[in-house]
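See structure below.
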Amino acid sequence: MKNRDFDKWLSTMNDSIATWKYYTDFEKVYKNAEKIKTEIYILNSLINSKNIREDFKKLLLEYPQILKVIPLLIAKRTTDVIIINDTVQKYYYNFKKMNYSIDDYALFMENTGIFDLLSNHLIANLYDYILGVEVGLDTNTRKNRTGKAMETLVESYILQSGFVKEKNYFTQVSKNRLKEDFNIDLSNLKIDEIFKSSKKEKSEKKFDFVVKTEQKYYLIETNFYTTQGSKLNETARSYKELALEFKDLDNIDFVWITDGKGWQTTKKNLQETFNILDDIYNINDMENGILTKLFK
């Protein structure tokens, strides 16, 4: 495969890998809102209140469970919120169990603008408002969905090549499982050192896929980048080093499947890896049957 032209290969990168639910997972949005529907409707009684501070204090006293909804009103999905006021005093609000007085929670509602939102602005009901907040928060997970979408796509081509999950291909395989289940010992490789600056190193290193053939094992990593950034250079550098670590292994190959227009403006490090790693492919390669040829 080293007869390939890098620039020509790079030109086949895709703009997007977005599936129908990539932009917003409405099923998840509805499910999250449904979990707190009762508390939302209790808080709904504050809309257009003429004495909202006192009404809120009475409501919180009678229904302390409404606390868990409050962070969502400022588009924050957490049970703890830290506030630093003008006098540099810190408040560590807990919205699972009250750790301040009701007056302090009323202060939070007032100074964050929630009281004003509820009493002076046209909100038909908080349930619809929360749905909108959930849609906004859901967009923060698109990065994770991109990675998952790429894994799903790669897996579909592995299946097309005739492999069966948990029989001759496996997903999210750790180094420990490689040793225990496949007798593959990578302890002599500098994998942990290579990935020490990545998020993956915070937990046990796992390969996205392991494909087993009669001749060898293929350890596969996948990703897709829609935008440029330092992460791409770090990824290319890491996989270049990983390719060198695997170079002298007889029955184990490292495969990197990546794609995305993000590489168009961050291509120097990618080209260095391309020149070293025989098995680096993109979606266009898979569409042209590269995995079937590779795993024959």
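Every chain in the structure tokens has a letter given in the order shown (A, B, ...), and although residue numbers restart at 1 in each chain, ligands are simply numbered from 1 in the order shown.
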
Can you tell me, as a ChimeraX atom specification, what residues are no more than 8 Å from Glu134 (chain A) when counting only C-alpha atoms, ignoring any on the same chain fewer than 5 positions away?
/A:29,32-33,75

Print the selection's residues with N, CA and C atoms to a file, as a tab-separated table (two decimals), in the first residue's frame.
chain	number	residue	atom	x	y	z
A	29	VAL	N	-33.29	13.45	24.87
A	29	VAL	CA	-33.82	14.72	25.39
A	29	VAL	C	-35.14	14.49	26.11
A	32	ASN	N	-34.68	12.49	29.43
A	32	ASN	CA	-34.13	13.29	30.52
A	32	ASN	C	-35.18	14.21	31.13
A	33	ALA	N	-36.00	14.82	30.29
A	33	ALA	CA	-37.05	15.72	30.78
A	33	ALA	C	-38.12	14.94	31.53
A	75	ALA	N	-28.89	25.96	32.49
A	75	ALA	CA	-28.22	25.08	31.51
A	75	ALA	C	-26.97	24.43	32.07

To one decimal place, how far is CA of Ile70 (chain A) from CA of Phe108 (chain A) in Å?
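CA of Phe108 (chain A) lies at a distance of 9.7 Å from CA of Ile70 (chain A).
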
Using only C-alpha atoms, determine which residues lie at most 12 Å from Tyr225 (chain A), disregarding the query and same-chain residues fewer than 3 positions distant; provide the list as a PyMOL selection string.
chain A and resi 13-18+142-147+149-150+222+228-233+235-236+257-266+282

Return the single residue from A:Asn223, A:Asp185, A:Lys148, A:Phe295 that is closest to Phe246 (chain A), with distances computed using only C-alpha atoms.
A:Asp185

Using backbone DSSP assignments, extract all strand (DSSP E or B) residues from region 16-243 of chain A; output them as a PyMOL selection string.
chain A and resi 80-84+90-94+165+169-174+206-212+217-224

Find the spatial neighbours of Ser238 (chain A), counting only C-alpha atoms, within a cut-off of 10 Å - ignore same-chain residues fewer than 2 positions away - and output them as a list in words.
Ile191, Glu193, Ile194, Phe195, Lys196, Ser197, Ser198, Leu232, Asn233, Glu234, Thr235, Ala236, Lys240, Glu241, Leu242, Ala243, Asn269 and Thr273 of chain A

DSSP on the backbone: which residues in region 25-187 of chain A end up as alpha helix (DSSP H)? Give the answer as JSON, numbers by chain.
{"A": [26, 27, 28, 29, 30, 31, 32, 33, 34, 35, 37, 38, 39, 40, 41, 42, 43, 52, 53, 54, 55, 56, 57, 58, 59, 60, 61, 62, 70, 71, 72, 73, 102, 103, 104, 105, 106, 107, 108, 109, 110, 111, 114, 115, 116, 117, 118, 119, 120, 126, 127, 128, 129, 130, 131, 132, 133, 134, 135, 136, 137, 138, 142, 143, 144, 145, 146, 147, 148, 149, 150, 151, 152, 153, 154, 155, 156, 157, 158, 159, 160, 175, 176, 177, 178, 179, 180, 181, 182]}

Selection near region 215-220 of chain A, 9 Å with only C-alpha atoms, sequence-local residues under 3 positions removed, as a list in words:
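The residues that qualify are Val173, Phe207, Asp208, Phe209, Val210, Val211, Lys212, Asp250, Asn251, Ile252, Asp253, Phe254, Val255, Trp256, Ile257 and Phe295 of chain A.
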
May I have the residues within 12 Å of Asp138 (chain A) as an MDAnalysis selection string, using only C-alpha atoms and disregarding those fewer than 5 positions away in the same chain?
chainID A and resid 21:30 32 75:77 130:133 143:145

Quick one, how far is CA of Tyr63 (chain A) from CA of Asp80 (chain A)?
18.9 Å

Here is a test: counting only C-alpha atoms, which residue of A:Leu153, A:Leu61, A:Ala106, A:Leu73 is nearest to Asn284 (chain A)?
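Closest to Asn284 (chain A), using only C-alpha atoms: A:Leu153.
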